[in-house]
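Notes to accompany the following structure.
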Amino acid sequence: MNYIHACLLKKRNMLVVKSLTILLLSCIAFKLACCSISSLKSLPLVGHLEFEDVHPASKDFGNRSQLLPLAILHPKSVSDIASVIRHIWMMGPHSQLTVAARGRGHSLQGQAQTSHGIVIHMESLQPQKLQVHSVGSSNPFVDVSGGELWINILHETLKYGLAPKSWTDYLHLTVGGTLSNAGISGQAFRHGPQISNVHQLEVVTGKGEILNCSERENSDLFHGVLGGLGQFGIITKARIALETAPTMVKWMRVLYLDFAAFAKDQERLISSDDKFDYVEGFVIINRTGLLDNWRLSFTPEDPTKASQFKSDGRNLYCLEVAKYFKLDEDKKNVMNQEVKESLSELSYISSTLFSSEKNAKPNGQGKEIHVMNHVNLMFKNRDTL
Ligand SMILES: Cc1cc2nc3c(=O)[nH]c(=O)nc-3n(C[C@H](O)[C@H](O)[C@H](O)COP(=O)(O)OP(=O)(O)OC[C@H]3O[C@@H](n4cnc5c(N)ncnc54)[C@H](O)[C@@H]3O)c2cc1C
């Protein structure tokens with residue numbers, strides 16, 4: 001046999017060995033998957049594991065990452081979550097099954113996905129009745145499920161004249177989803193993000209234990225889970241800090257073309273605690289019609305000047321502020337004067353002051369319209385800008 005033939009034979013043998021190894025590994029993986037599936041199927045759950053229709057959990061809002069899970073757990077109780085996680089923990093490290101909690105799937109990069117693992121659909125968790133604790137308390141709070149939407153919490157707490165201290169702009173996100181990140185909106189400059197306004201959590205750990213945690217109890221777990229992107233446990237309940245909900249709000253937007261001026265003004269406002277109750281800034285990628293969209297919700301302070309303002313397609317920086325006040329003519333006049341003074345210290349383009357006033361009166365159809373609802377829901381419109 002000459003040298004070339006020997007080399008070719010060696011190469012072919014290597015190829016056969018490689019193919020057999022891959023086949024063997026695939027068989028092991030397949031067998032493990034089959035074992036996993038059958039052992040998971042045998043778990044006594046109040047909810048259920050879905051093995052067929054798993055595509056909905058393979059996508060998220062960002063639409064950039066697609067990972068197909070082995071199954072979706074639709075838990076009906078916290079013990080469903082604990083049972084599945086404990087079961088996977090008992091399988092040991094060779095099982096390679098991973099778990100991801102999923103709220104609304106509004107992540108952008110697959111944070112709530114897992115390849116061939118179990119996605120826990122947190123909204124399926126049997127919603128406990130939201131329990132608002134307010135009577136005689138100077139520190140009111142609400143106990144909620146980890147799969148609860150912030151919009152539902154707002155509606156419920158408003159019945160007691162209360163609202164969570166810290167928000168996201170968009171409210172159709174879950175408690176677990178935003179507490180695993182940070183949860184930021186225009187109230188964060190005063191109260192901190194949502195993760196700074198939680199008294200206590202109930203968490204299912206990686207071993208399947210159900211633990212309570214707070215600053216004082218299991219504090220490592222508490223601080224790990226808050227902002228932990230679901231890597232330290234699954235949030236099944238949260239105790240959220242509340243405050244008295246405002247009754248009226250004056251809501252304003254001003255525009256800048258110069259980023260440095262915009263940033264300077266924003267810093268000035270967030271470092272002074274009492275000028276406004278809500279401060280947020282954002283960039284407007286100025287496409288045709290976009291600017292006009294949100295103007296519809298506001299009245300320009302000076303309509304003539306505002307109509308003359310031309311952005312010429314340049315990107316704009318928008319400072320958004322709000323001031324809460326009471327429905328009383330004298331108090332309103334004082335508030336307007338204060339707002340005027342605060343605005344006079346800023347260097348926005350003078351023709352671009354837009355404002356809007358909202359009140360919290362019931363709308364007569366038995367539904368409460370509330371300023372926080374308006375502000376935070378209408379901010380949602382910004383996402384369409
Ligand atoms: C239109 C839009 C508007 C937004 N507005 C804001 C805003 O104003 N402010 C802001 O801060 N963010 C905002 N976000 C970002 C948003 O807060 C995050 O994407 C958040 O994670 C989405 O929540 P979700 O319920 O969809 O969670 P998912 O995307 O489903 O999950 C997010 C992460 O949390 C984990 N997780 C989910 N539930 C739990 C749980 N119960 N226990 C432990 N871990 C869990 C997941 O595994 C994942 O890692 C916005 C996103 C979108 C798409």
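Note on naming: chains are A, B, ... as they come in the structure tokens, residues start from 1 per chain, ligands start from 1 in the order shown.
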Any residue with an atom at most 8 Å from ligand 1 counts, using only C-alpha atoms and all ligand atoms. Which are they? Put them as a PDB file with C-alpha atoms, in the first residue's frame.
```pdb
ATOM      1  CA  ASP A  60     -39.878  36.978  21.641  1.00  0.00           C
ATOM      2  CA  PHE A  61     -40.578  40.656  20.926  1.00  0.00           C
ATOM      3  CA  GLY A  62     -37.109  41.198  19.437  1.00  0.00           C
ATOM      4  CA  ALA A 100     -36.573  29.598  31.479  1.00  0.00           C
ATOM      5  CA  ALA A 101     -39.391  31.627  32.999  1.00  0.00           C
ATOM      6  CA  ARG A 102     -41.413  33.566  30.458  1.00  0.00           C
ATOM      7  CA  GLY A 103     -43.601  36.554  31.237  1.00  0.00           C
ATOM      8  CA  ARG A 104     -44.954  38.372  28.189  1.00  0.00           C
ATOM      9  CA  GLY A 105     -41.888  37.505  26.096  1.00  0.00           C
ATOM     10  CA  HIS A 106     -41.134  41.197  25.597  1.00  0.00           C
ATOM     11  CA  SER A 107     -37.402  40.549  25.779  1.00  0.00           C
ATOM     12  CA  LEU A 108     -35.360  41.348  22.713  1.00  0.00           C
ATOM     13  CA  GLY A 110     -34.118  35.358  23.728  1.00  0.00           C
ATOM     14  CA  GLN A 111     -33.755  35.899  27.489  1.00  0.00           C
ATOM     15  CA  ALA A 112     -37.013  34.020  28.116  1.00  0.00           C
ATOM     16  CA  GLN A 113     -36.176  31.122  25.782  1.00  0.00           C
ATOM     17  CA  MET A 122     -45.832  32.489  34.109  1.00  0.00           C
ATOM     18  CA  GLY A 146     -45.104  36.708  39.514  1.00  0.00           C
ATOM     19  CA  GLY A 147     -47.097  36.290  36.286  1.00  0.00           C
ATOM     20  CA  LEU A 149     -49.466  42.181  34.498  1.00  0.00           C
ATOM     21  CA  TRP A 167     -43.384  51.988  36.876  1.00  0.00           C
ATOM     22  CA  THR A 168     -42.505  50.951  33.399  1.00  0.00           C
ATOM     23  CA  ASP A 169     -43.995  53.111  30.640  1.00  0.00           C
ATOM     24  CA  TYR A 170     -45.603  50.131  29.017  1.00  0.00           C
ATOM     25  CA  LEU A 171     -47.804  48.246  31.481  1.00  0.00           C
ATOM     26  CA  HIS A 172     -48.563  44.994  29.684  1.00  0.00           C
ATOM     27  CA  LEU A 173     -45.428  43.408  31.118  1.00  0.00           C
ATOM     28  CA  THR A 174     -45.298  40.886  33.951  1.00  0.00           C
ATOM     29  CA  VAL A 175     -44.085  41.484  37.486  1.00  0.00           C
ATOM     30  CA  GLY A 176     -41.504  38.672  37.210  1.00  0.00           C
ATOM     31  CA  GLY A 177     -40.325  39.918  33.815  1.00  0.00           C
ATOM     32  CA  THR A 178     -39.599  43.481  34.882  1.00  0.00           C
ATOM     33  CA  LEU A 179     -38.311  42.575  38.363  1.00  0.00           C
ATOM     34  CA  SER A 180     -35.809  40.297  36.631  1.00  0.00           C
ATOM     35  CA  ASN A 181     -34.536  43.352  34.758  1.00  0.00           C
ATOM     36  CA  ALA A 182     -35.025  46.641  36.601  1.00  0.00           C
ATOM     37  CA  GLY A 183     -38.295  48.281  35.575  1.00  0.00           C
ATOM     38  CA  ILE A 184     -37.677  51.889  34.672  1.00  0.00           C
ATOM     39  CA  SER A 185     -39.928  54.844  33.989  1.00  0.00           C
ATOM     40  CA  PRO A 193     -36.485  51.367  39.569  1.00  0.00           C
ATOM     41  CA  VAL A 203     -39.074  32.302  44.836  1.00  0.00           C
ATOM     42  CA  VAL A 225     -33.291  37.408  41.934  1.00  0.00           C
ATOM     43  CA  GLY A 228     -31.164  38.519  37.948  1.00  0.00           C
ATOM     44  CA  LEU A 229     -32.671  37.731  34.501  1.00  0.00           C
ATOM     45  CA  GLY A 230     -34.270  34.575  35.843  1.00  0.00           C
ATOM     46  CA  GLN A 231     -30.904  32.970  36.639  1.00  0.00           C
ATOM     47  CA  PHE A 232     -31.311  32.752  40.436  1.00  0.00           C
ATOM     48  CA  GLY A 233     -34.856  31.473  40.782  1.00  0.00           C
ATOM     49  CA  ILE A 234     -38.410  31.925  39.588  1.00  0.00           C
ATOM     50  CA  ILE A 235     -40.396  34.783  41.157  1.00  0.00           C
ATOM     51  CA  THR A 236     -43.806  33.390  42.025  1.00  0.00           C
ATOM     52  CA  LYS A 380     -47.155  53.405  25.235  1.00  0.00           C
ATOM     53  CA  ASP A 383     -43.397  53.018  21.217  1.00  0.00           C
TER      54      ASP A 383
END
```
TODO: Please identify which residues in segment 112-213 of chain A DSSP calls strand (DSSP E) from the backbone, and express them as JSON, numbers by chain.
DONE: {"A": [118, 119, 120, 121, 131, 132, 133, 141, 142, 143, 144, 145, 162, 163, 164, 198, 199, 200, 201, 202, 203, 204, 210, 211, 212, 213]}
Open item on the list: Applying 7 Å and only C-alpha atoms, which residues near Leu73 of chain A remain after dropping the ones on its own chain fewer than 2 positions away? List them as a VMD selection string.
Closed with: chain A and resid 48 to 50 71 75 118 to 121
I need the residues from that last selection saved to file as a PDB file, in the first residue's frame (with N, CA and C atoms), if you can.
```pdb
ATOM      1  N   HIS A  48     -50.346  21.774  33.377  1.00  0.00           N
ATOM      2  CA  HIS A  48     -49.874  20.724  32.461  1.00  0.00           C
ATOM      3  C   HIS A  48     -48.619  21.139  31.712  1.00  0.00           C
ATOM      4  N   LEU A  49     -47.942  20.113  31.174  1.00  0.00           N
ATOM      5  CA  LEU A  49     -46.776  20.343  30.311  1.00  0.00           C
ATOM      6  C   LEU A  49     -47.205  20.149  28.870  1.00  0.00           C
ATOM      7  N   GLU A  50     -46.899  21.104  28.024  1.00  0.00           N
ATOM      8  CA  GLU A  50     -47.262  21.032  26.605  1.00  0.00           C
ATOM      9  C   GLU A  50     -46.021  20.631  25.797  1.00  0.00           C
ATOM     10  N   ALA A  71     -40.579  21.598  26.010  1.00  0.00           N
ATOM     11  CA  ALA A  71     -41.966  21.676  26.496  1.00  0.00           C
ATOM     12  C   ALA A  71     -42.237  23.038  27.119  1.00  0.00           C
ATOM     13  N   PRO A  75     -48.213  26.305  34.524  1.00  0.00           N
ATOM     14  CA  PRO A  75     -48.466  25.975  35.928  1.00  0.00           C
ATOM     15  C   PRO A  75     -49.794  26.542  36.414  1.00  0.00           C
ATOM     16  N   ILE A 118     -37.303  23.573  29.299  1.00  0.00           N
ATOM     17  CA  ILE A 118     -38.698  23.825  29.684  1.00  0.00           C
ATOM     18  C   ILE A 118     -38.906  25.328  29.857  1.00  0.00           C
ATOM     19  N   VAL A 119     -39.872  25.871  29.129  1.00  0.00           N
ATOM     20  CA  VAL A 119     -40.249  27.278  29.327  1.00  0.00           C
ATOM     21  C   VAL A 119     -41.464  27.306  30.255  1.00  0.00           C
ATOM     22  N   ILE A 120     -41.381  28.124  31.298  1.00  0.00           N
ATOM     23  CA  ILE A 120     -42.517  28.224  32.237  1.00  0.00           C
ATOM     24  C   ILE A 120     -43.350  29.448  31.879  1.00  0.00           C
ATOM     25  N   HIS A 121     -44.558  29.207  31.440  1.00  0.00           N
ATOM     26  CA  HIS A 121     -45.458  30.294  31.030  1.00  0.00           C
ATOM     27  C   HIS A 121     -46.088  30.885  32.288  1.00  0.00           C
TER      28      HIS A 121
END
```
Open item on the list: Give me the residues near Leu201 of chain A as a count of residues only, where near means some atom within 12 Å (using only C-alpha atoms) and where sequence neighbours in that chain fewer than 4 positions away do not count.
Closed with: 36
- [ ] Pick out each residue of segment 237-272 of chain A that DSSP on the backbone tags as alpha helix (DSSP H); I need them as an NGL selection string.
- [x] :A and (259-271)
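When only C-alpha atoms are used to measure the gap to Gln187 of chain A, the shortest distance among A:Val321, A:Leu125, A:Ala57, A:Leu154 belongs to A:Val321.
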TODO: Rank A:Leu162, A:Ile81, A:Met335, A:Gln109 by their smallest atom-to-atom distance to Gln66 of chain A, using only C-alpha atoms, and report the top residue only.
DONE: A:Gln109
